[in-house]
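Asker: Below is the file work30.txt, which contains compact mmCIF, N, CA, C and O atoms.
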# COMPACT_ATOMS: atom_id res chain seq x y z
N MET B 28 -7.84 -0.66 6.42
CA MET B 28 -6.81 0.35 6.38
C MET B 28 -7.40 1.72 6.67
O MET B 28 -6.81 2.49 7.38
N LYS B 29 -8.56 2.01 6.09
CA LYS B 29 -9.19 3.30 6.31
C LYS B 29 -9.46 3.52 7.80
O LYS B 29 -9.17 4.59 8.34
N ASN B 30 -9.97 2.49 8.46
CA ASN B 30 -10.25 2.61 9.88
C ASN B 30 -8.97 2.76 10.69
O ASN B 30 -8.95 3.43 11.71
N ALA B 31 -7.89 2.12 10.27
CA ALA B 31 -6.61 2.25 10.96
C ALA B 31 -6.13 3.69 10.90
O ALA B 31 -5.62 4.22 11.90
N PHE B 32 -6.28 4.35 9.76
CA PHE B 32 -5.88 5.76 9.64
C PHE B 32 -6.70 6.64 10.57
O PHE B 32 -6.17 7.49 11.27
N VAL B 33 -8.01 6.42 10.59
CA VAL B 33 -8.89 7.20 11.45
C VAL B 33 -8.48 7.04 12.91
O VAL B 33 -8.40 8.02 13.66
N GLN B 34 -8.20 5.81 13.32
CA GLN B 34 -7.79 5.56 14.70
C GLN B 34 -6.42 6.19 15.00
O GLN B 34 -6.21 6.75 16.07
N ALA B 35 -5.49 6.09 14.06
CA ALA B 35 -4.16 6.68 14.27
C ALA B 35 -4.25 8.18 14.44
O ALA B 35 -3.54 8.77 15.25
N ARG B 36 -5.12 8.81 13.68
CA ARG B 36 -5.30 10.25 13.76
C ARG B 36 -5.76 10.68 15.15
O ARG B 36 -5.44 11.77 15.60
N ARG B 37 -6.47 9.84 15.82
CA ARG B 37 -7.01 10.14 17.15
C ARG B 37 -6.02 9.87 18.28
O ARG B 37 -6.23 10.29 19.40
N ARG B 38 -4.97 9.14 18.01
CA ARG B 38 -4.01 8.73 19.03
C ARG B 38 -2.95 9.81 19.25
O ARG B 38 -2.65 10.59 18.34
N PRO B 39 -2.30 9.77 20.42
CA PRO B 39 -1.24 10.76 20.72
C PRO B 39 -0.10 10.76 19.70
O PRO B 39 0.45 11.81 19.40
N GLY B 40 0.27 9.60 19.14
CA GLY B 40 1.37 9.54 18.17
C GLY B 40 0.98 10.06 16.80
O GLY B 40 1.83 10.29 15.95
N GLY B 41 -0.32 10.24 16.57
CA GLY B 41 -0.81 10.76 15.31
C GLY B 41 -0.63 9.80 14.15
O GLY B 41 -0.33 8.62 14.34
N ILE B 42 -0.80 10.34 12.96
CA ILE B 42 -0.77 9.48 11.77
C ILE B 42 0.61 8.89 11.49
O ILE B 42 0.73 7.93 10.74
N ASN B 43 1.65 9.46 12.07
CA ASN B 43 2.99 8.89 11.91
C ASN B 43 3.33 7.90 13.02
O ASN B 43 4.46 7.46 13.13
N LEU B 44 2.32 7.57 13.82
CA LEU B 44 2.43 6.56 14.87
C LEU B 44 3.56 6.83 15.85
O LEU B 44 4.18 5.91 16.38
N GLY B 45 3.86 8.11 16.06
CA GLY B 45 4.89 8.49 17.02
C GLY B 45 6.30 8.31 16.51
O GLY B 45 7.26 8.38 17.28
N LEU B 46 6.48 8.09 15.23
CA LEU B 46 7.81 7.84 14.66
C LEU B 46 8.44 9.09 14.06
O LEU B 46 9.52 9.01 13.46
N ASP B 47 7.82 10.23 14.24
CA ASP B 47 8.34 11.49 13.69
C ASP B 47 9.78 11.77 14.14
O ASP B 47 10.59 12.26 13.36
N HIS B 48 10.05 11.47 15.39
CA HIS B 48 11.36 11.80 15.97
C HIS B 48 12.53 11.05 15.30
O HIS B 48 13.68 11.45 15.45
N ILE B 49 12.24 10.01 14.55
CA ILE B 49 13.31 9.32 13.82
C ILE B 49 13.18 9.54 12.31
O ILE B 49 13.74 8.81 11.51
N GLY B 50 12.39 10.55 11.95
CA GLY B 50 12.29 10.95 10.55
C GLY B 50 11.34 10.12 9.71
O GLY B 50 11.39 10.18 8.49
N VAL B 51 10.46 9.36 10.35
CA VAL B 51 9.51 8.54 9.60
C VAL B 51 8.25 9.33 9.35
O VAL B 51 7.71 9.96 10.25
N ARG B 52 7.83 9.32 8.11
CA ARG B 52 6.57 9.94 7.73
C ARG B 52 5.76 8.89 6.99
O ARG B 52 6.21 8.35 5.99
N LEU B 53 4.60 8.59 7.52
CA LEU B 53 3.74 7.58 6.90
C LEU B 53 2.78 8.23 5.93
O LEU B 53 2.31 9.34 6.15
N TRP B 54 2.49 7.51 4.89
CA TRP B 54 1.53 7.97 3.89
C TRP B 54 0.47 6.90 3.76
O TRP B 54 0.75 5.78 3.32
N TRP B 55 -0.73 7.21 4.18
CA TRP B 55 -1.83 6.25 4.21
C TRP B 55 -2.58 6.31 2.89
O TRP B 55 -3.04 7.38 2.49
N LEU B 56 -2.74 5.19 2.22
CA LEU B 56 -3.43 5.14 0.94
C LEU B 56 -4.58 4.14 0.97
O LEU B 56 -4.69 3.29 0.10
N GLY B 57 -5.39 4.23 1.97
CA GLY B 57 -6.50 3.30 2.07
C GLY B 57 -7.56 3.57 1.02
O GLY B 57 -7.80 4.71 0.64
N LYS B 58 -8.16 2.54 0.54
CA LYS B 58 -9.26 2.65 -0.42
C LYS B 58 -10.23 1.51 -0.15
O LYS B 58 -9.85 0.33 -0.27
N SER B 59 -11.43 1.83 0.22
CA SER B 59 -12.42 0.79 0.49
C SER B 59 -12.66 -0.05 -0.76
O SER B 59 -12.76 0.47 -1.86
N GLY B 60 -12.71 -1.36 -0.58
CA GLY B 60 -12.99 -2.26 -1.68
C GLY B 60 -11.82 -2.51 -2.62
O GLY B 60 -11.99 -3.13 -3.66
N MET B 61 -10.63 -2.05 -2.25
CA MET B 61 -9.48 -2.21 -3.13
C MET B 61 -9.17 -3.69 -3.34
O MET B 61 -9.27 -4.50 -2.44
N ARG B 62 -8.81 -4.01 -4.56
CA ARG B 62 -8.45 -5.37 -4.93
C ARG B 62 -7.01 -5.39 -5.43
O ARG B 62 -6.43 -4.36 -5.76
N LEU B 63 -6.47 -6.57 -5.53
CA LEU B 63 -5.08 -6.72 -5.96
C LEU B 63 -4.82 -6.04 -7.29
O LEU B 63 -3.80 -5.39 -7.48
N LYS B 64 -5.77 -6.13 -8.21
CA LYS B 64 -5.58 -5.53 -9.55
C LYS B 64 -5.44 -4.01 -9.49
O LYS B 64 -4.96 -3.39 -10.43
N ASP B 65 -5.82 -3.39 -8.37
CA ASP B 65 -5.73 -1.93 -8.21
C ASP B 65 -4.37 -1.47 -7.70
O ASP B 65 -4.08 -0.27 -7.71
N LEU B 66 -3.53 -2.40 -7.26
CA LEU B 66 -2.28 -2.05 -6.60
C LEU B 66 -1.34 -1.20 -7.45
O LEU B 66 -0.89 -0.13 -7.01
N LEU B 67 -1.04 -1.62 -8.66
CA LEU B 67 -0.06 -0.90 -9.47
C LEU B 67 -0.54 0.50 -9.83
O LEU B 67 0.24 1.45 -9.80
N ASN B 68 -1.82 0.64 -10.15
CA ASN B 68 -2.33 1.98 -10.46
C ASN B 68 -2.28 2.88 -9.24
O ASN B 68 -2.02 4.08 -9.36
N ARG B 69 -2.49 2.32 -8.06
CA ARG B 69 -2.43 3.12 -6.83
C ARG B 69 -0.99 3.59 -6.58
O ARG B 69 -0.76 4.72 -6.18
N ILE B 70 -0.02 2.71 -6.82
CA ILE B 70 1.39 3.09 -6.66
C ILE B 70 1.76 4.16 -7.68
O ILE B 70 2.42 5.14 -7.36
N LYS B 71 1.33 3.98 -8.93
CA LYS B 71 1.62 4.98 -9.96
C LYS B 71 1.01 6.33 -9.62
O LYS B 71 1.64 7.37 -9.84
N LEU B 72 -0.19 6.33 -9.07
CA LEU B 72 -0.82 7.58 -8.63
C LEU B 72 0.01 8.22 -7.53
O LEU B 72 0.26 9.43 -7.56
N MET B 73 0.46 7.43 -6.58
CA MET B 73 1.29 7.93 -5.50
C MET B 73 2.55 8.60 -6.05
O MET B 73 2.93 9.69 -5.61
N LEU B 74 3.17 7.97 -7.03
CA LEU B 74 4.41 8.49 -7.58
C LEU B 74 4.23 9.79 -8.37
O LEU B 74 5.20 10.52 -8.57
N ARG B 75 3.02 10.08 -8.79
CA ARG B 75 2.76 11.35 -9.49
C ARG B 75 2.83 12.54 -8.53
O ARG B 75 3.12 13.65 -8.95
N TYR B 76 2.60 12.29 -7.24
CA TYR B 76 2.49 13.39 -6.29
C TYR B 76 3.55 13.38 -5.19
O TYR B 76 3.75 14.38 -4.52
N GLU B 77 4.20 12.27 -5.01
CA GLU B 77 5.16 12.13 -3.91
C GLU B 77 6.42 11.43 -4.38
O GLU B 77 6.40 10.69 -5.35
N GLU B 78 7.49 11.65 -3.64
CA GLU B 78 8.72 10.89 -3.86
C GLU B 78 8.47 9.44 -3.40
O GLU B 78 7.66 9.22 -2.49
N PRO B 79 9.16 8.47 -3.99
CA PRO B 79 8.98 7.09 -3.54
C PRO B 79 9.33 6.97 -2.06
O PRO B 79 10.29 7.59 -1.60
N PRO B 80 8.57 6.20 -1.32
CA PRO B 80 8.87 6.03 0.10
C PRO B 80 10.08 5.12 0.30
O PRO B 80 10.46 4.36 -0.58
N ASN B 81 10.68 5.21 1.49
CA ASN B 81 11.76 4.29 1.84
C ASN B 81 11.21 2.90 2.13
O ASN B 81 11.84 1.90 1.84
N TYR B 82 10.03 2.88 2.74
CA TYR B 82 9.38 1.63 3.11
C TYR B 82 7.93 1.69 2.69
O TYR B 82 7.31 2.75 2.73
N LEU B 83 7.39 0.55 2.30
CA LEU B 83 5.98 0.48 1.92
C LEU B 83 5.38 -0.80 2.52
O LEU B 83 5.90 -1.89 2.31
N VAL B 84 4.32 -0.62 3.28
CA VAL B 84 3.59 -1.75 3.83
C VAL B 84 2.33 -1.91 3.00
O VAL B 84 1.57 -0.97 2.83
N ILE B 85 2.15 -3.09 2.45
CA ILE B 85 0.99 -3.35 1.59
C ILE B 85 0.06 -4.32 2.30
O ILE B 85 0.48 -5.40 2.72
N HIS B 86 -1.17 -3.92 2.42
CA HIS B 86 -2.22 -4.77 3.01
C HIS B 86 -3.31 -4.87 1.95
O HIS B 86 -4.11 -3.97 1.79
N ILE B 87 -3.26 -5.95 1.19
CA ILE B 87 -4.18 -6.07 0.06
C ILE B 87 -4.46 -7.55 -0.21
O ILE B 87 -3.69 -8.41 0.19
N GLY B 88 -5.55 -7.81 -0.86
CA GLY B 88 -5.88 -9.18 -1.26
C GLY B 88 -7.07 -9.76 -0.52
O GLY B 88 -7.68 -10.72 -0.98
N GLY B 89 -7.41 -9.18 0.62
CA GLY B 89 -8.54 -9.70 1.38
C GLY B 89 -9.85 -9.64 0.63
O GLY B 89 -10.69 -10.54 0.74
N ASN B 90 -10.04 -8.59 -0.15
CA ASN B 90 -11.27 -8.45 -0.92
C ASN B 90 -11.31 -9.41 -2.11
O ASN B 90 -12.36 -9.59 -2.72
N ASP B 91 -10.16 -9.99 -2.45
CA ASP B 91 -10.10 -10.95 -3.55
C ASP B 91 -10.39 -12.38 -3.08
O ASP B 91 -10.71 -13.24 -3.90
N LEU B 92 -10.28 -12.62 -1.78
CA LEU B 92 -10.52 -13.96 -1.26
C LEU B 92 -11.96 -14.38 -1.55
O LEU B 92 -12.89 -13.62 -1.35
N GLY B 93 -12.11 -15.58 -2.01
CA GLY B 93 -13.43 -16.09 -2.35
C GLY B 93 -13.86 -15.74 -3.76
O GLY B 93 -14.79 -16.31 -4.30
N GLU B 94 -13.18 -14.79 -4.38
CA GLU B 94 -13.48 -14.38 -5.76
C GLU B 94 -12.53 -15.06 -6.74
O GLU B 94 -12.87 -15.27 -7.90
N ILE B 95 -11.32 -15.34 -6.27
CA ILE B 95 -10.27 -15.93 -7.09
C ILE B 95 -9.74 -17.16 -6.35
O ILE B 95 -9.59 -17.11 -5.13
N LYS B 96 -9.44 -18.22 -7.06
CA LYS B 96 -8.86 -19.39 -6.41
C LYS B 96 -7.56 -19.00 -5.72
O LYS B 96 -6.80 -18.17 -6.22
N THR B 97 -7.30 -19.61 -4.58
CA THR B 97 -6.16 -19.23 -3.76
C THR B 97 -4.83 -19.33 -4.51
O THR B 97 -3.99 -18.43 -4.41
N GLY B 98 -4.62 -20.38 -5.28
CA GLY B 98 -3.38 -20.52 -6.04
C GLY B 98 -3.21 -19.42 -7.07
O GLY B 98 -2.11 -18.89 -7.25
N VAL B 99 -4.28 -19.06 -7.72
CA VAL B 99 -4.25 -17.98 -8.72
C VAL B 99 -3.95 -16.66 -8.02
O VAL B 99 -3.12 -15.86 -8.48
N LEU B 100 -4.60 -16.43 -6.88
CA LEU B 100 -4.36 -15.20 -6.11
C LEU B 100 -2.91 -15.11 -5.67
O LEU B 100 -2.29 -14.05 -5.78
N ARG B 101 -2.35 -16.22 -5.20
CA ARG B 101 -0.95 -16.23 -4.78
C ARG B 101 -0.03 -15.88 -5.94
O ARG B 101 0.88 -15.06 -5.80
N ASN B 102 -0.27 -16.46 -7.11
CA ASN B 102 0.57 -16.16 -8.27
C ASN B 102 0.43 -14.71 -8.71
O ASN B 102 1.41 -14.07 -9.08
N ARG B 103 -0.79 -14.20 -8.68
CA ARG B 103 -1.00 -12.79 -9.03
C ARG B 103 -0.31 -11.87 -8.03
O ARG B 103 0.27 -10.86 -8.41
N LEU B 104 -0.38 -12.24 -6.77
CA LEU B 104 0.26 -11.43 -5.73
C LEU B 104 1.76 -11.38 -5.96
O LEU B 104 2.38 -10.30 -5.90
N LYS B 105 2.37 -12.51 -6.27
CA LYS B 105 3.81 -12.54 -6.57
C LYS B 105 4.12 -11.63 -7.75
O LYS B 105 5.10 -10.87 -7.74
N HIS B 106 3.29 -11.70 -8.80
CA HIS B 106 3.49 -10.88 -9.99
C HIS B 106 3.40 -9.39 -9.66
O HIS B 106 4.27 -8.60 -10.04
N TYR B 107 2.36 -9.01 -8.92
CA TYR B 107 2.17 -7.60 -8.59
C TYR B 107 3.24 -7.08 -7.65
O TYR B 107 3.67 -5.93 -7.76
N LEU B 108 3.71 -7.91 -6.74
CA LEU B 108 4.80 -7.47 -5.86
C LEU B 108 6.09 -7.28 -6.64
O LEU B 108 6.85 -6.34 -6.40
N LYS B 109 6.35 -8.15 -7.61
CA LYS B 109 7.54 -8.00 -8.47
C LYS B 109 7.45 -6.70 -9.25
O LYS B 109 8.41 -5.93 -9.32
N LYS B 110 6.28 -6.42 -9.84
CA LYS B 110 6.09 -5.18 -10.59
C LYS B 110 6.22 -3.97 -9.67
O LYS B 110 6.74 -2.92 -10.07
N SER B 111 5.74 -4.09 -8.43
CA SER B 111 5.84 -2.99 -7.47
C SER B 111 7.29 -2.67 -7.17
O SER B 111 7.67 -1.50 -7.09
N THR B 112 8.12 -3.71 -7.01
CA THR B 112 9.53 -3.46 -6.73
C THR B 112 10.23 -2.82 -7.93
O THR B 112 11.18 -2.06 -7.75
N GLU B 113 9.75 -3.10 -9.13
CA GLU B 113 10.32 -2.46 -10.33
C GLU B 113 9.96 -0.97 -10.38
O GLU B 113 10.74 -0.15 -10.86
N LEU B 114 8.78 -0.61 -9.90
CA LEU B 114 8.37 0.79 -9.86
C LEU B 114 9.04 1.55 -8.72
O LEU B 114 9.27 2.75 -8.82
N LEU B 115 9.35 0.84 -7.65
CA LEU B 115 9.88 1.46 -6.42
C LEU B 115 11.24 0.85 -6.13
O LEU B 115 11.42 0.12 -5.15
N LEU B 116 12.22 1.19 -6.95
CA LEU B 116 13.53 0.54 -6.88
C LEU B 116 14.21 0.66 -5.54
O LEU B 116 14.88 -0.27 -5.09
N ASN B 117 14.11 1.80 -4.88
CA ASN B 117 14.81 2.01 -3.62
C ASN B 117 13.88 1.89 -2.41
O ASN B 117 14.22 2.39 -1.34
N THR B 118 12.76 1.25 -2.60
CA THR B 118 11.79 1.09 -1.52
C THR B 118 11.83 -0.34 -1.01
O THR B 118 11.87 -1.28 -1.79
N THR B 119 11.80 -0.47 0.30
CA THR B 119 11.71 -1.79 0.92
C THR B 119 10.25 -2.10 1.15
O THR B 119 9.53 -1.32 1.78
N LEU B 120 9.80 -3.23 0.60
CA LEU B 120 8.42 -3.65 0.80
C LEU B 120 8.36 -4.52 2.04
O LEU B 120 9.19 -5.34 2.28
Would you kindly transcribe this structure into structure tokens?

Answerer:
Amino acid sequence: MKNAFVQARRRPGGINLGLDHIGVRLWWLGKSGMRLKDLLNRIKLMLRYEEPPNYLVIHIGGNDLGEIKTGVLRNRLKHYLKKSTELLLNTTL
């Protein structure tokens, strides 16, 4: 995610990926080494400084692969996504 932000910043569309004209503003929250257990705290931190977004794209869990059994990771992911929707009532994940 961090590298994606750096690359987007260098492109003509910028960090909003050229979607400014339709009112889209992207907020990049990359964190190297982030794990699934960090998701809710990251969302709560975001909410301290910004209004909830209309849309949220989550790219997480890759750093957990090989550390947690796949079935356990899947169940935790479901749990964290449910909690995320409770924190972000009007946000589409």

Asker: Write out as a PyMOL selection string which residues come within 8 Å of stretch 111-117 of chain B when counting only N, CA, C and O atoms, dropping same-chain ones fewer than 4 positions away.

Answerer: chain B and resi 66-67+70-71+74+79-83+104-107

Asker: Within chain B, find each residue whose DSSP state, derived from the backbone, is helix (DSSP H, G or I), and express the selection as a PyMOL selection string.

Answerer: chain B and resi 29-37+41-43+47-49+63-76+89-91+97-114

Asker: Report the distance between atom O of B:Gln34 and atom N of B:Ser59 in Å, rounded to one decimal place.

Answerer: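 Pair atom O of B:Gln34 / atom N of B:Ser59 returns 17.4 Å.
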
Asker: Could you please determine the separation between atom O of B:Leu44 and atom N of B:Gly57 in Å, to one decimal place?

Answerer: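 We find that atom O of B:Leu44 and atom N of B:Gly57 lie 17.4 Å from each other.
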
Asker: How many Å lie between atom CA of B:Trp55 and atom C of B:Arg69, rounded to one decimal?

Answerer: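 Value for the atom CA of B:Trp55-atom C of B:Arg69 distance: 11.1 Å.
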
Asker: From a DSSP pass on the backbone, collect the residues of chain B flagged as strand (DSSP E or B) and hand them back as a list of chain:residue names.

Answerer: B:Tyr82, B:Leu92, B:Ile95, B:Thr119

Asker: Counting only C-alpha atoms, note down every residue that has an atom within 12 Å of the point (-11.9, -2.1, 4.2) (file coordinates), as a ChimeraX atom specification.

Answerer: /B:28-32,56-62,86-91

Asker: Could you write out that same residue set with N, CA, C and O atoms as a PDB file, keeping the file's coordinate frame?

Answerer:
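Below you can see out-v5.pdb, which holds the result:
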ATOM      1  N   MET B  28      -7.840  -0.660   6.420  1.00  0.00           N
ATOM      2  CA  MET B  28      -6.810   0.350   6.380  1.00  0.00           C
ATOM      3  C   MET B  28      -7.400   1.720   6.670  1.00  0.00           C
ATOM      4  O   MET B  28      -6.810   2.490   7.380  1.00  0.00           O
ATOM      5  N   LYS B  29      -8.560   2.010   6.090  1.00  0.00           N
ATOM      6  CA  LYS B  29      -9.190   3.300   6.310  1.00  0.00           C
ATOM      7  C   LYS B  29      -9.460   3.520   7.800  1.00  0.00           C
ATOM      8  O   LYS B  29      -9.170   4.590   8.340  1.00  0.00           O
ATOM      9  N   ASN B  30      -9.970   2.490   8.460  1.00  0.00           N
ATOM     10  CA  ASN B  30     -10.250   2.610   9.880  1.00  0.00           C
ATOM     11  C   ASN B  30      -8.970   2.760  10.690  1.00  0.00           C
ATOM     12  O   ASN B  30      -8.950   3.430  11.710  1.00  0.00           O
ATOM     13  N   ALA B  31      -7.890   2.120  10.270  1.00  0.00           N
ATOM     14  CA  ALA B  31      -6.610   2.250  10.960  1.00  0.00           C
ATOM     15  C   ALA B  31      -6.130   3.690  10.900  1.00  0.00           C
ATOM     16  O   ALA B  31      -5.620   4.220  11.900  1.00  0.00           O
ATOM     17  N   PHE B  32      -6.280   4.350   9.760  1.00  0.00           N
ATOM     18  CA  PHE B  32      -5.880   5.760   9.640  1.00  0.00           C
ATOM     19  C   PHE B  32      -6.700   6.640  10.570  1.00  0.00           C
ATOM     20  O   PHE B  32      -6.170   7.490  11.270  1.00  0.00           O
ATOM     21  N   LEU B  56      -2.740   5.190   2.220  1.00  0.00           N
ATOM     22  CA  LEU B  56      -3.430   5.140   0.940  1.00  0.00           C
ATOM     23  C   LEU B  56      -4.580   4.140   0.970  1.00  0.00           C
ATOM     24  O   LEU B  56      -4.690   3.290   0.100  1.00  0.00           O
ATOM     25  N   GLY B  57      -5.390   4.230   1.970  1.00  0.00           N
ATOM     26  CA  GLY B  57      -6.500   3.300   2.070  1.00  0.00           C
ATOM     27  C   GLY B  57      -7.560   3.570   1.020  1.00  0.00           C
ATOM     28  O   GLY B  57      -7.800   4.710   0.640  1.00  0.00           O
ATOM     29  N   LYS B  58      -8.160   2.540   0.540  1.00  0.00           N
ATOM     30  CA  LYS B  58      -9.260   2.650  -0.420  1.00  0.00           C
ATOM     31  C   LYS B  58     -10.230   1.510  -0.150  1.00  0.00           C
ATOM     32  O   LYS B  58      -9.850   0.330  -0.270  1.00  0.00           O
ATOM     33  N   SER B  59     -11.430   1.830   0.220  1.00  0.00           N
ATOM     34  CA  SER B  59     -12.420   0.790   0.490  1.00  0.00           C
ATOM     35  C   SER B  59     -12.660  -0.050  -0.760  1.00  0.00           C
ATOM     36  O   SER B  59     -12.760   0.470  -1.860  1.00  0.00           O
ATOM     37  N   GLY B  60     -12.710  -1.360  -0.580  1.00  0.00           N
ATOM     38  CA  GLY B  60     -12.990  -2.260  -1.680  1.00  0.00           C
ATOM     39  C   GLY B  60     -11.820  -2.510  -2.620  1.00  0.00           C
ATOM     40  O   GLY B  60     -11.990  -3.130  -3.660  1.00  0.00           O
ATOM     41  N   MET B  61     -10.630  -2.050  -2.250  1.00  0.00           N
ATOM     42  CA  MET B  61      -9.480  -2.210  -3.130  1.00  0.00           C
ATOM     43  C   MET B  61      -9.170  -3.690  -3.340  1.00  0.00           C
ATOM     44  O   MET B  61      -9.270  -4.500  -2.440  1.00  0.00           O
ATOM     45  N   ARG B  62      -8.810  -4.010  -4.560  1.00  0.00           N
ATOM     46  CA  ARG B  62      -8.450  -5.370  -4.930  1.00  0.00           C
ATOM     47  C   ARG B  62      -7.010  -5.390  -5.430  1.00  0.00           C
ATOM     48  O   ARG B  62      -6.430  -4.360  -5.760  1.00  0.00           O
ATOM     49  N   HIS B  86      -1.170  -3.920   2.420  1.00  0.00           N
ATOM     50  CA  HIS B  86      -2.220  -4.770   3.010  1.00  0.00           C
ATOM     51  C   HIS B  86      -3.310  -4.870   1.950  1.00  0.00           C
ATOM     52  O   HIS B  86      -4.110  -3.970   1.790  1.00  0.00           O
ATOM     53  N   ILE B  87      -3.260  -5.950   1.190  1.00  0.00           N
ATOM     54  CA  ILE B  87      -4.180  -6.070   0.060  1.00  0.00           C
ATOM     55  C   ILE B  87      -4.460  -7.550  -0.210  1.00  0.00           C
ATOM     56  O   ILE B  87      -3.690  -8.410   0.190  1.00  0.00           O
ATOM     57  N   GLY B  88      -5.550  -7.810  -0.860  1.00  0.00           N
ATOM     58  CA  GLY B  88      -5.880  -9.180  -1.260  1.00  0.00           C
ATOM     59  C   GLY B  88      -7.070  -9.760  -0.520  1.00  0.00           C
ATOM     60  O   GLY B  88      -7.680 -10.720  -0.980  1.00  0.00           O
ATOM     61  N   GLY B  89      -7.410  -9.180   0.620  1.00  0.00           N
ATOM     62  CA  GLY B  89      -8.540  -9.700   1.380  1.00  0.00           C
ATOM     63  C   GLY B  89      -9.850  -9.640   0.630  1.00  0.00           C
ATOM     64  O   GLY B  89     -10.690 -10.540   0.740  1.00  0.00           O
ATOM     65  N   ASN B  90     -10.040  -8.590  -0.150  1.00  0.00           N
ATOM     66  CA  ASN B  90     -11.270  -8.450  -0.920  1.00  0.00           C
ATOM     67  C   ASN B  90     -11.310  -9.410  -2.110  1.00  0.00           C
ATOM     68  O   ASN B  90     -12.360  -9.590  -2.720  1.00  0.00           O
ATOM     69  N   ASP B  91     -10.160  -9.990  -2.450  1.00  0.00           N
ATOM     70  CA  ASP B  91     -10.100 -10.950  -3.550  1.00  0.00           C
ATOM     71  C   ASP B  91     -10.390 -12.380  -3.080  1.00  0.00           C
ATOM     72  O   ASP B  91     -10.710 -13.240  -3.900  1.00  0.00           O
TER      73      ASP B  91
END

Asker: Under the rule that only C-alpha atoms are counted, which of B:Arg38, B:Trp54, B:Gly93, B:Leu63 is the nearest residue to B:Glu78?

Answerer: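 Checking each candidate against B:Glu78, we get B:Trp54 as the closest.
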
Asker: Which one is closest to B:Ile85: B:Asn102, B:Thr119, B:Thr97, B:Asn43? Count all atoms listed in the file.

Answerer: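 The answer is B:Thr119, which sits nearest to B:Ile85.
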